[in-house]
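final_30.cif follows; it contains mmCIF, C-alpha atoms.
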data_run
loop_
_atom_site.label_atom_id
_atom_site.label_comp_id
_atom_site.auth_asym_id
_atom_site.auth_seq_id
_atom_site.Cartn_x
_atom_site.Cartn_y
_atom_site.Cartn_z
CA MET U 1 24.28 -11.34 -14.21
CA LYS U 2 26.43 -9.20 -11.96
CA ASP U 3 26.85 -10.81 -8.52
CA ALA U 4 26.68 -8.55 -5.46
CA GLY U 5 28.82 -10.98 -3.49
CA PRO U 6 28.10 -12.57 -0.11
CA VAL U 7 25.87 -10.91 2.47
CA ALA U 8 27.83 -9.71 5.50
CA GLU U 9 27.51 -12.18 8.40
CA SER U 10 27.89 -9.97 11.47
CA ALA U 11 27.19 -11.37 14.93
CA PRO U 12 23.95 -9.32 15.27
CA LEU U 13 22.69 -10.46 11.87
CA GLN U 14 23.49 -14.09 12.69
CA ALA U 15 21.64 -13.74 15.98
CA ALA U 16 18.67 -12.27 14.12
CA LEU U 17 18.69 -15.12 11.61
CA ASP U 18 18.85 -17.67 14.45
CA SER U 19 15.93 -15.98 16.17
CA LEU U 20 13.75 -16.53 13.09
CA ASP U 21 14.17 -20.26 13.72
CA ALA U 22 13.37 -19.96 17.43
CA ALA U 23 10.30 -17.81 16.76
CA HIS U 24 8.90 -19.70 13.76
CA GLU U 25 5.85 -20.94 15.62
CA ARG U 26 5.11 -17.35 16.64
CA PHE U 27 5.34 -16.43 12.95
CA VAL U 28 2.75 -19.11 12.13
CA GLU U 29 0.49 -17.86 14.93
CA ASP U 30 0.69 -14.34 13.46
CA ILE U 31 -0.38 -15.63 10.04
CA VAL U 32 -3.40 -17.41 11.54
CA LYS U 33 -4.36 -14.37 13.61
CA LEU U 34 -4.19 -11.94 10.69
CA VAL U 35 -5.81 -14.06 7.98
CA GLN U 36 -8.95 -14.61 10.07
CA ILE U 37 -9.68 -10.87 10.22
CA PRO U 38 -11.77 -9.87 7.14
CA ALA U 39 -10.01 -7.27 4.97
CA PRO U 40 -11.76 -6.80 1.61
CA THR U 41 -10.30 -4.07 -0.56
CA PHE U 42 -11.69 -0.72 0.69
CA ASP U 43 -12.58 -2.30 4.06
CA GLU U 44 -9.22 -3.11 5.64
CA ALA U 45 -9.66 -1.13 8.89
CA ALA U 46 -10.16 -4.06 11.27
CA ARG U 47 -7.05 -5.88 10.10
CA ALA U 48 -5.13 -2.60 10.02
CA GLN U 49 -5.92 -1.92 13.67
CA VAL U 50 -4.72 -5.35 14.77
CA PHE U 51 -1.58 -5.11 12.65
CA ALA U 52 -0.83 -1.72 14.20
CA GLU U 53 -1.17 -3.24 17.67
CA MET U 54 1.24 -6.03 16.69
CA LEU U 55 3.84 -3.51 15.53
CA GLN U 56 3.38 -1.54 18.72
CA ALA U 57 4.01 -4.69 20.76
CA GLU U 58 7.44 -4.87 19.09
CA GLY U 59 8.38 -1.39 20.29
CA LEU U 60 7.36 0.82 17.37
CA GLU U 61 4.89 3.71 17.31
CA PRO U 62 2.56 2.92 14.41
CA GLU U 63 0.15 5.35 12.81
CA ILE U 64 -2.74 4.81 10.41
CA ASP U 65 -2.53 7.36 7.62
CA ALA U 66 -5.19 9.21 5.63
CA VAL U 67 -5.98 6.26 3.32
CA GLY U 68 -5.70 3.48 5.93
CA ASN U 69 -2.07 2.34 5.62
CA VAL U 70 -0.39 1.20 8.83
CA ILE U 71 3.05 2.84 9.07
CA ALA U 72 5.76 2.38 11.71
CA LEU U 73 9.36 3.64 11.65
CA ARG U 74 12.34 1.71 13.01
CA ARG U 75 15.11 4.24 13.40
CA GLY U 76 18.52 3.60 11.97
CA THR U 77 21.80 5.16 13.02
CA GLY U 78 21.67 7.91 10.41
CA ALA U 79 20.53 11.47 10.91
CA GLU U 80 16.87 11.98 11.71
CA GLY U 81 14.84 12.76 8.61
CA GLY U 82 17.19 10.83 6.31
CA PRO U 83 16.44 8.14 3.71
CA VAL U 84 14.08 5.28 4.56
CA ILE U 85 13.80 1.77 3.20
CA VAL U 86 10.21 0.54 2.99
CA ALA U 87 9.27 -3.02 3.99
CA ALA U 88 5.62 -3.43 2.94
CA ALA U 89 2.96 -6.11 2.68
CA HIS U 90 -0.66 -5.53 1.74
CA LEU U 91 -3.57 -5.74 4.15
CA ASP U 92 -6.38 -6.33 1.66
CA THR U 93 -7.71 -9.50 0.10
CA VAL U 94 -9.96 -10.25 -2.87
CA PHE U 95 -12.57 -11.90 -0.65
CA THR U 96 -15.83 -10.39 0.63
CA ALA U 97 -16.41 -9.63 4.31
CA ASP U 98 -18.74 -12.62 4.75
CA THR U 99 -16.20 -15.17 3.46
CA ASP U 100 -15.40 -17.98 5.91
CA LEU U 101 -11.76 -17.32 6.85
CA THR U 102 -11.37 -20.17 9.32
CA VAL U 103 -7.90 -21.70 8.98
CA ARG U 104 -7.99 -25.42 8.23
CA ARG U 105 -4.87 -27.35 9.32
CA GLU U 106 -3.56 -30.52 7.72
CA GLY U 107 -0.23 -31.07 9.42
CA THR U 108 2.01 -28.22 8.24
CA LEU U 109 -0.49 -27.29 5.52
CA LEU U 110 -2.73 -24.32 6.34
CA ARG U 111 -5.72 -23.41 4.18
CA ALA U 112 -7.70 -20.15 4.26
CA PRO U 113 -8.68 -17.47 1.74
CA GLY U 114 -5.88 -14.89 1.62
CA ILE U 115 -3.40 -16.86 3.72
CA ALA U 116 -0.68 -16.64 1.07
CA ASP U 117 -1.80 -13.35 -0.45
CA ASP U 118 -0.88 -11.60 1.74
CA ALA U 119 -1.36 -12.61 5.39
CA ARG U 120 1.95 -14.45 5.27
CA GLY U 121 3.62 -11.29 3.91
CA LEU U 122 2.32 -9.23 6.84
CA ALA U 123 3.52 -11.85 9.30
CA ALA U 124 6.90 -11.94 7.52
CA ILE U 125 7.64 -8.25 8.04
CA LEU U 126 6.62 -8.62 11.69
CA ALA U 127 9.07 -11.54 11.91
CA PHE U 128 11.84 -9.39 10.40
CA LEU U 129 11.21 -6.63 12.94
CA ARG U 130 11.15 -9.10 15.83
CA ALA U 131 14.36 -10.78 14.62
CA MET U 132 16.22 -7.50 14.19
CA ASN U 133 15.24 -6.49 17.70
CA ALA U 134 16.24 -9.88 19.12
CA GLY U 135 19.62 -9.79 17.37
CA GLY U 136 20.31 -6.14 18.09
CA VAL U 137 20.70 -5.36 14.38
CA ASP U 138 21.29 -1.68 13.64
CA THR U 139 20.90 -0.25 10.14
CA GLY U 140 22.24 2.96 8.69
CA HIS U 141 18.92 3.87 7.07
CA ASP U 142 15.60 3.98 8.86
CA ILE U 143 13.20 1.15 7.93
CA LEU U 144 9.54 2.02 7.39
CA PHE U 145 7.29 -0.97 8.04
CA VAL U 146 4.03 -0.64 6.10
CA GLY U 147 0.81 -2.62 5.98
CA ASP U 148 -0.85 -1.06 2.96
CA VAL U 149 -4.38 -0.91 1.62
CA GLY U 150 -5.76 -1.29 -1.88
CA GLU U 151 -3.26 -3.59 -3.56
CA GLU U 152 -5.85 -5.95 -5.01
CA GLY U 153 -8.09 -5.40 -8.03
CA LEU U 154 -9.99 -2.13 -8.01
CA GLY U 155 -7.91 -0.89 -5.09
CA ASP U 156 -5.55 0.25 -7.85
CA LEU U 157 -2.50 0.33 -5.52
CA ARG U 158 -4.04 3.29 -3.68
CA GLY U 159 -2.14 2.69 -0.45
CA ILE U 160 1.35 2.69 -1.95
CA ARG U 161 0.34 5.37 -4.46
CA HIS U 162 -0.49 7.62 -1.49
CA LEU U 163 2.70 6.67 0.37
CA CYS U 164 4.95 7.44 -2.61
CA THR U 165 3.22 10.54 -3.98
CA GLU U 166 1.33 12.32 -1.18
CA SER U 167 2.51 11.22 2.25
CA ARG U 168 5.15 12.93 4.38
CA TRP U 169 7.49 10.05 3.54
CA LYS U 170 7.34 10.46 -0.23
CA ASP U 171 10.66 12.33 -0.62
CA ARG U 172 12.55 10.10 1.79
CA ILE U 173 11.99 6.67 0.22
CA ALA U 174 15.37 5.38 -1.02
CA GLY U 175 14.36 1.76 -1.55
CA PHE U 176 11.16 -0.27 -1.50
CA PHE U 177 10.37 -3.93 -0.77
CA THR U 178 6.92 -5.39 -1.06
CA PHE U 179 6.77 -8.88 0.43
CA ASP U 180 4.18 -10.71 -1.64
CA ASP U 181 3.90 -14.15 -3.27
CA ILE U 182 5.51 -17.40 -2.17
CA ARG U 183 8.46 -18.71 -4.20
CA THR U 184 11.74 -17.33 -2.84
CA GLU U 185 13.33 -17.59 -6.30
CA ASP U 186 10.77 -15.15 -7.76
CA LEU U 187 12.21 -11.63 -7.58
CA THR U 188 10.14 -9.05 -9.47
CA ILE U 189 12.16 -6.16 -10.89
CA ARG U 190 9.83 -5.14 -13.74
CA ALA U 191 6.26 -3.89 -13.41
CA ILE U 192 3.42 -4.70 -15.79
CA GLY U 193 1.32 -1.59 -16.35
CA SER U 194 -2.43 -1.89 -16.70
CA ARG U 195 -5.49 0.16 -17.52
CA ARG U 196 -8.94 -1.05 -16.61
CA TYR U 197 -12.16 0.39 -17.94
CA ARG U 198 -15.87 -0.08 -17.84
CA VAL U 199 -17.01 0.79 -21.35
CA VAL U 200 -20.57 2.09 -21.03
CA LEU U 201 -22.80 2.43 -24.12
CA ARG U 202 -26.14 4.21 -23.76
CA GLY U 203 -29.06 4.70 -26.12
CA PRO U 204 -32.73 5.70 -26.23
CA GLY U 205 -33.99 2.17 -25.52
CA GLY U 206 -37.50 1.06 -26.36
CA HIS U 207 -39.82 -1.84 -27.11
CA SER U 208 -38.27 -4.60 -29.17
CA LEU U 209 -41.23 -4.59 -31.60
CA ASN U 210 -42.76 -1.12 -31.55
CA ASP U 211 -39.45 0.74 -31.44
CA PHE U 212 -37.56 -1.53 -33.77
CA GLY U 213 -35.02 0.44 -35.78
CA ARG U 214 -33.75 2.61 -32.96
CA PRO U 215 -29.97 2.38 -32.36
CA ASN U 216 -29.14 -0.47 -30.02
CA PRO U 217 -26.17 -0.17 -27.62
CA ALA U 218 -25.93 -3.96 -27.37
CA ILE U 219 -25.27 -4.19 -31.10
CA ALA U 220 -22.68 -1.43 -30.83
CA LEU U 221 -21.06 -3.37 -28.00
CA GLY U 222 -20.93 -6.43 -30.22
CA THR U 223 -19.02 -4.38 -32.79
CA VAL U 224 -16.51 -3.40 -30.09
CA LEU U 225 -16.05 -7.03 -29.08
CA SER U 226 -15.59 -8.13 -32.66
CA GLY U 227 -12.99 -5.43 -33.19
CA MET U 228 -11.08 -6.46 -30.07
CA GLY U 229 -10.75 -9.91 -31.55
CA ASP U 230 -8.79 -8.40 -34.43
CA ILE U 231 -6.26 -6.51 -32.28
CA SER U 232 -2.71 -7.80 -32.62
CA ALA U 233 -0.74 -7.35 -29.38
CA PRO U 234 3.07 -7.41 -29.42
CA VAL U 235 4.80 -10.36 -27.80
CA THR U 236 7.71 -8.19 -26.67
CA PRO U 237 7.23 -6.25 -24.51
CA ARG U 238 4.56 -8.57 -23.22
CA THR U 239 1.17 -6.97 -23.93
CA THR U 240 -2.30 -8.40 -23.33
CA PHE U 241 -5.96 -7.39 -23.38
CA CYS U 242 -9.14 -8.97 -22.07
CA ALA U 243 -12.87 -8.38 -22.43
CA SER U 244 -13.86 -9.54 -18.98
CA THR U 245 -17.36 -8.61 -17.76
CA LEU U 246 -20.64 -7.90 -19.53
CA ALA U 247 -23.74 -6.24 -18.11
CA GLY U 248 -26.87 -4.41 -19.17
CA GLY U 249 -30.37 -4.67 -20.54
CA THR U 250 -33.66 -5.04 -18.67
CA THR U 251 -35.90 -7.62 -20.36
CA ILE U 252 -35.72 -9.96 -23.31
CA ASN U 253 -38.21 -7.82 -25.25
CA SER U 254 -36.60 -4.42 -24.72
CA ILE U 255 -33.93 -2.51 -26.58
CA PRO U 256 -31.45 -1.80 -23.76
CA GLU U 257 -30.85 1.74 -22.62
CA GLU U 258 -27.43 0.83 -21.28
CA VAL U 259 -24.88 -1.96 -21.60
CA SER U 260 -21.33 -2.17 -20.33
CA LEU U 261 -18.11 -4.08 -20.87
CA GLY U 262 -15.20 -4.52 -18.48
CA VAL U 263 -11.80 -4.34 -20.20
CA ASP U 264 -8.34 -5.09 -18.84
CA LEU U 265 -5.31 -3.84 -20.82
CA ARG U 266 -1.74 -4.72 -19.76
CA SER U 267 1.80 -4.24 -20.97
CA GLU U 268 5.38 -4.20 -19.75
CA GLY U 269 5.86 -1.08 -21.89
CA MET U 270 4.07 2.21 -21.29
CA GLU U 271 4.20 3.10 -25.01
CA GLU U 272 2.61 -0.20 -25.97
CA LEU U 273 -0.02 0.23 -23.26
CA ALA U 274 -0.86 3.67 -24.62
CA GLN U 275 -1.19 2.26 -28.14
CA LEU U 276 -3.51 -0.48 -26.91
CA ASP U 277 -5.57 2.12 -25.08
CA ALA U 278 -5.85 4.21 -28.25
CA GLN U 279 -7.00 1.17 -30.24
CA LEU U 280 -9.75 0.45 -27.72
CA ARG U 281 -10.97 4.05 -27.84
CA ALA U 282 -10.97 4.02 -31.64
CA LEU U 283 -13.01 0.80 -31.66
CA VAL U 284 -15.61 2.31 -29.33
CA ASP U 285 -15.88 5.50 -31.39
CA ALA U 286 -16.22 3.53 -34.62
CA ALA U 287 -18.89 1.24 -33.14
CA VAL U 288 -20.95 4.20 -31.94
CA THR U 289 -20.67 5.94 -35.32
CA ARG U 290 -21.61 2.75 -37.16
CA GLU U 291 -24.72 2.04 -35.07
CA ASN U 292 -25.96 5.63 -35.21
CA ALA U 293 -25.46 5.65 -38.99
CA ARG U 294 -27.25 2.31 -39.37
CA CYS U 295 -30.38 3.38 -37.50
CA GLY U 296 -30.38 7.16 -37.52
CA THR U 297 -30.66 9.34 -34.44
CA GLU U 298 -34.20 10.74 -34.79
CA HIS U 299 -35.22 9.14 -31.47
CA GLY U 300 -31.83 9.48 -29.79
CA ALA U 301 -28.24 8.47 -30.40
CA ILE U 302 -25.82 5.95 -28.97
CA THR U 303 -23.22 7.55 -26.69
CA ALA U 304 -20.13 6.03 -25.07
CA GLU U 305 -18.23 6.60 -21.84
CA LEU U 306 -15.00 4.95 -20.70
CA VAL U 307 -15.01 4.84 -16.90
CA THR U 308 -11.51 4.34 -15.51
CA LEU U 309 -11.42 1.53 -12.93
CA GLY U 310 -7.67 1.22 -12.61
CA ASP U 311 -4.43 2.71 -13.91
CA ARG U 312 -1.25 0.94 -12.83
CA PRO U 313 1.97 2.31 -14.32
CA ALA U 314 4.71 0.15 -15.79
CA GLY U 315 8.29 0.51 -14.66
CA ALA U 316 11.50 -1.32 -13.83
CA THR U 317 14.41 -1.40 -11.42
CA PRO U 318 17.78 -1.95 -13.13
CA GLU U 319 19.39 -5.30 -12.44
CA THR U 320 22.51 -3.41 -11.37
CA ALA U 321 20.66 -1.47 -8.63
CA PRO U 322 21.96 -2.20 -5.12
CA ILE U 323 18.53 -3.37 -3.91
CA VAL U 324 18.40 -5.96 -6.71
CA GLN U 325 21.97 -7.10 -6.17
CA ALA U 326 21.41 -7.38 -2.41
CA SER U 327 18.25 -9.41 -3.06
CA ILE U 328 20.00 -11.71 -5.52
CA ALA U 329 22.82 -12.32 -3.04
CA ALA U 330 20.34 -12.99 -0.23
CA ILE U 331 18.36 -15.49 -2.30
CA ARG U 332 21.53 -17.29 -3.32
CA ALA U 333 22.74 -17.35 0.27
CA GLU U 334 19.76 -19.59 1.04
CA GLY U 335 20.51 -21.96 -1.84
CA PHE U 336 18.04 -20.66 -4.45
CA GLU U 337 18.75 -19.35 -7.94
CA PRO U 338 16.90 -16.05 -8.50
CA GLU U 339 14.40 -15.69 -11.33
CA LEU U 340 14.02 -12.04 -12.33
CA THR U 341 10.36 -11.58 -13.22
CA CYS U 342 7.73 -9.06 -14.26
CA SER U 343 4.37 -8.74 -12.50
CA SER U 344 1.77 -6.30 -11.19
CA THR U 345 2.34 -5.50 -7.50
CA ASP U 346 2.68 -2.59 -5.10
CA ALA U 347 6.20 -2.17 -6.51
CA ASN U 348 4.67 -0.73 -9.72
CA ILE U 349 4.28 2.67 -8.09
CA PRO U 350 7.83 3.24 -6.81
CA MET U 351 9.32 1.69 -9.96
CA SER U 352 7.36 4.13 -12.13
CA LEU U 353 8.71 7.01 -10.02
CA GLY U 354 12.32 5.90 -10.32
CA ILE U 355 12.51 4.61 -6.72
CA PRO U 356 14.56 1.37 -6.55
CA ALA U 357 11.98 -1.32 -5.77
CA VAL U 358 11.47 -5.07 -5.85
CA LYS U 359 8.73 -7.54 -5.07
CA PHE U 360 10.41 -10.07 -2.78
CA SER U 361 8.57 -13.31 -2.08
CA HIS U 362 7.98 -14.24 1.56
CA GLY U 363 9.04 -17.86 1.10
CA GLY U 364 7.88 -21.38 1.74
CA ALA U 365 5.36 -23.17 -0.45
CA GLY U 366 1.77 -22.38 -1.30
CA GLY U 367 -0.82 -21.98 -4.01
CA GLY U 368 -4.44 -21.40 -4.95
CA MET U 369 -4.13 -17.62 -4.76
CA HIS U 370 -7.49 -15.80 -4.94
CA ARG U 371 -9.31 -19.11 -4.37
CA LEU U 372 -11.24 -20.28 -1.33
CA ASP U 373 -8.79 -23.20 -0.91
CA GLU U 374 -5.67 -20.97 -0.89
CA TRP U 375 -2.89 -22.68 1.05
CA ILE U 376 0.60 -22.44 2.47
CA ASP U 377 2.97 -25.03 3.85
CA VAL U 378 4.67 -23.82 7.03
CA SER U 379 7.09 -26.73 7.31
CA PRO U 380 10.01 -24.92 8.96
CA ALA U 381 12.82 -25.96 6.62
CA LEU U 382 11.59 -24.24 3.44
CA SER U 383 9.66 -21.54 5.28
CA LEU U 384 12.71 -20.39 7.23
CA ARG U 385 14.93 -20.28 4.15
CA GLY U 386 12.52 -17.80 2.58
CA LEU U 387 12.32 -15.68 5.73
CA ARG U 388 16.10 -15.62 6.11
CA ALA U 389 16.50 -14.51 2.50
CA GLY U 390 14.06 -11.65 3.01
CA LEU U 391 15.73 -10.50 6.22
CA ARG U 392 19.20 -10.61 4.63
CA ALA U 393 18.03 -8.52 1.67
CA LEU U 394 16.27 -5.95 3.86
CA VAL U 395 19.21 -5.51 6.25
CA ALA U 396 21.76 -5.31 3.42
CA THR U 397 19.71 -2.66 1.58
CA ALA U 398 19.15 -0.62 4.73
CA GLY U 399 22.89 -0.68 5.36
CA GLN U 400 23.92 -2.83 8.29
CA ALA U 401 25.64 -0.60 10.83
CA ASN U 402 27.02 -3.25 13.23
#

Write out the structure in this file as structure tokens.
Amino acid sequence: MKDAGPVAESAPLQAALDSLDAAHERFVEDIVKLVQIPAPTFDEAARAQVFAEMLQAEGLEPEIDAVGNVIALRRGTGAEGGPVIVAAAHLDTVFTADTDLTVRREGTLLRAPGIADDARGLAAILAFLRAMNAGGVDTGHDILFVGDVGEEGLGDLRGIRHLCTESRWKDRIAGFFTFDDIRTEDLTIRAIGSRRYRVVLRGPGGHSLNDFGRPNPAIALGTVLSGMGDISAPVTPRTTFCASTLAGGTTINSIPEEVSLGVDLRSEGMEELAQLDAQLRALVDAAVTRENARCGTEHGAITAELVTLGDRPAGATPETAPIVQASIAAIRAEGFEPELTCSSTDANIPMSLGIPAVKFSHGGAGGGMHRLDEWIDVSPALSLRGLRAGLRALVATAGQAN
């Protein structure tokens, strides 16, 4: 692994790092404040408004864009309209609006749904901004602070997709950090692509006795499921598939008019993902043909529709890229050994577009992601090491100017 060398220790950067320590309790207060505002995917507006107010309190002029992202620019010393480095964390959670989000404290342990994923990430980028202001850190590039929508599940990365492909910033993004996940060692530089479908099979339906012999979409669905069990997915690049949800039918004594299957396909390679997609489509076509041939179509035929629920592209940032080398050096500066990983995050979008991007963890300890007992440990020692690593990487990538 090529080493980027030590991170520059200027007086302003050191002052900023020291201020993280002094303001750690404020950081914890920000986490608690943000996590207790409901923010289900597609309903992030309340949390977005509060996050915008928190950025404004630190001297920025935030805006909420067309899809609900909170965006605020911290100017660098370069020419106006030049490259920007994005520091993002996602606003949304997997939990419904009526979920109890009350934070439960057990010493330095805090428990609440979404507290690690990604309330701590939002609080981390606020802490970076506050520290840079306190230390008087100037950067060559502008830094765009972003609280984005739609990272989770069926949100399909819509916030960062809009930022990178449709927003007025799309041609200015020179580097991208998403601060997500806990372990400081975990630096994501490869993106797992995914395609998610609801496979819908429809037929004429009927009475289980009187209309016996009509084509049955549930039987066709069984053929699809059986065929999926015979798919052989490559180990390298890592490729997976999952039959996840089943729905349909009306009563026990009726031939269903409609049944559906949720399918999740993933791969580190776009070619392998496309091949897996083609196999699924071939299975569905074959199952429909088989059931229609078995029963005949005098009273109606089985039809199939694949409804796209998500399409996340694969991608990668080269290990030699400056953003990766700066991140590696920053992680090592805090005494950790980086683990270069592959996952599905907001970084998928910029990676797929050739924008240098990483998923940088926001530090500390935690677990239980996507569970009601999700937790983080805000004991200052480990927590601050993670925050310092993130700040070092961000400042180095944005080009420290003092």

Hits of the PyMOL selection byres ((chain U and resi 306) around 12) in this structure, as a PyMOL selection string:
chain U and resi 195-202+260-263+277-278+280-285+303-305+307-310

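Excluding Arg183 (chain U) itself and same-chain residues fewer than 2 positions from it, the residues having an atom within 10 Å of it are Asp180, Asp181, Glu185, Asp186, Leu187, Phe336, Pro338, Glu339, Phe360, Ser361, His362, Gly363, Gly364, Ala365, Gly366, Gly367, Leu382, Ser383 and Gly386 of chain U, counting only C-alpha atoms.
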
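CA of Asp43 (chain U) to CA of Ser343 (chain U) spans 24.6 Å [interatomic distance, one decimal].
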
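Among the candidate residues U:Glu334, U:Glu291, U:Asp311, U:Asp117, the one lying nearest to Phe179 (chain U) is U:Asp117, with distances computed using all atoms listed in the file.
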
Just give me the residues with any atom within 7 Å of (-32.1, -1.9, -38.1), file coordinates, counting all atoms listed in the file, written as a VMD selection string.
chain U and resid 212 to 213 294 to 295

Give me the residues near Val149 (chain U) as a tab-separated table (two decimals) with C-alpha atoms, in the coordinates of the input, where near means some atom within 7 Å (using all atoms listed in the file) and where sequence neighbours in that chain fewer than 5 positions away do not count.
chain	number	residue	atom	x	y	z
U	44	GLU	CA	-9.22	-3.11	5.64
U	68	GLY	CA	-5.70	3.48	5.93
U	69	ASN	CA	-2.07	2.34	5.62
U	90	HIS	CA	-0.66	-5.53	1.74
U	91	LEU	CA	-3.57	-5.74	4.15
U	92	ASP	CA	-6.38	-6.33	1.66
U	158	ARG	CA	-4.04	3.29	-3.68
U	159	GLY	CA	-2.14	2.69	-0.45

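Of note, CA of Pro83 (chain U) and CA of Lys170 (chain U) are spaced 10.2 Å apart.
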
Specify as a PDB file with C-alpha atoms, keeping the file's coordinate frame each residue included when the PyMOL selection byres ((chain U and resi 344) around 12) is applied to this file.
ATOM      1  CA  GLU U 151      -3.260  -3.590  -3.560  1.00  0.00           C
ATOM      2  CA  GLU U 152      -5.850  -5.950  -5.010  1.00  0.00           C
ATOM      3  CA  GLY U 153      -8.090  -5.400  -8.030  1.00  0.00           C
ATOM      4  CA  ASP U 156      -5.550   0.250  -7.850  1.00  0.00           C
ATOM      5  CA  LEU U 157      -2.500   0.330  -5.520  1.00  0.00           C
ATOM      6  CA  THR U 178       6.920  -5.390  -1.060  1.00  0.00           C
ATOM      7  CA  ASP U 180       4.180 -10.710  -1.640  1.00  0.00           C
ATOM      8  CA  ASP U 181       3.900 -14.150  -3.270  1.00  0.00           C
ATOM      9  CA  THR U 188      10.140  -9.050  -9.470  1.00  0.00           C
ATOM     10  CA  ILE U 189      12.160  -6.160 -10.890  1.00  0.00           C
ATOM     11  CA  ARG U 190       9.830  -5.140 -13.740  1.00  0.00           C
ATOM     12  CA  ALA U 191       6.260  -3.890 -13.410  1.00  0.00           C
ATOM     13  CA  ILE U 192       3.420  -4.700 -15.790  1.00  0.00           C
ATOM     14  CA  GLY U 193       1.320  -1.590 -16.350  1.00  0.00           C
ATOM     15  CA  SER U 194      -2.430  -1.890 -16.700  1.00  0.00           C
ATOM     16  CA  ARG U 195      -5.490   0.160 -17.520  1.00  0.00           C
ATOM     17  CA  ARG U 266      -1.740  -4.720 -19.760  1.00  0.00           C
ATOM     18  CA  SER U 267       1.800  -4.240 -20.970  1.00  0.00           C
ATOM     19  CA  GLU U 268       5.380  -4.200 -19.750  1.00  0.00           C
ATOM     20  CA  ASP U 311      -4.430   2.710 -13.910  1.00  0.00           C
ATOM     21  CA  ARG U 312      -1.250   0.940 -12.830  1.00  0.00           C
ATOM     22  CA  PRO U 313       1.970   2.310 -14.320  1.00  0.00           C
ATOM     23  CA  ALA U 314       4.710   0.150 -15.790  1.00  0.00           C
ATOM     24  CA  GLY U 315       8.290   0.510 -14.660  1.00  0.00           C
ATOM     25  CA  ALA U 316      11.500  -1.320 -13.830  1.00  0.00           C
ATOM     26  CA  THR U 341      10.360 -11.580 -13.220  1.00  0.00           C
ATOM     27  CA  CYS U 342       7.730  -9.060 -14.260  1.00  0.00           C
ATOM     28  CA  SER U 343       4.370  -8.740 -12.500  1.00  0.00           C
ATOM     29  CA  THR U 345       2.340  -5.500  -7.500  1.00  0.00           C
ATOM     30  CA  ASP U 346       2.680  -2.590  -5.100  1.00  0.00           C
ATOM     31  CA  ALA U 347       6.200  -2.170  -6.510  1.00  0.00           C
ATOM     32  CA  ASN U 348       4.670  -0.730  -9.720  1.00  0.00           C
ATOM     33  CA  ILE U 349       4.280   2.670  -8.090  1.00  0.00           C
ATOM     34  CA  MET U 351       9.320   1.690  -9.960  1.00  0.00           C
ATOM     35  CA  SER U 352       7.360   4.130 -12.130  1.00  0.00           C
ATOM     36  CA  VAL U 358      11.470  -5.070  -5.850  1.00  0.00           C
ATOM     37  CA  LYS U 359       8.730  -7.540  -5.070  1.00  0.00           C
TER      38      LYS U 359
END

If the PyMOL selection byres ((chain U and resi 258) around 10) is run on the structure shown, which residues does it catch, given as a count of residues only?
21

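The smallest atom-to-atom distance between Leu372 (chain U) and any of U:Leu101, U:Ala39, U:Leu109, U:Val28, using all atoms listed in the file, is found for U:Leu101.
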
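Restricting the calculation to only C-alpha atoms, the smallest distance between Pro380 (chain U) and any of U:Thr139, U:Thr41, U:Gln56, U:Thr108 is found for U:Thr108.
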
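Minimum distance to Val146 (chain U) across U:Leu73, U:Ala79, U:Leu20, U:Ala116 (counting all atoms listed in the file) occurs at U:Leu73.
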
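Going from CA of Glu58 (chain U) to CA of Glu9 (chain U) covers 23.9 Å.
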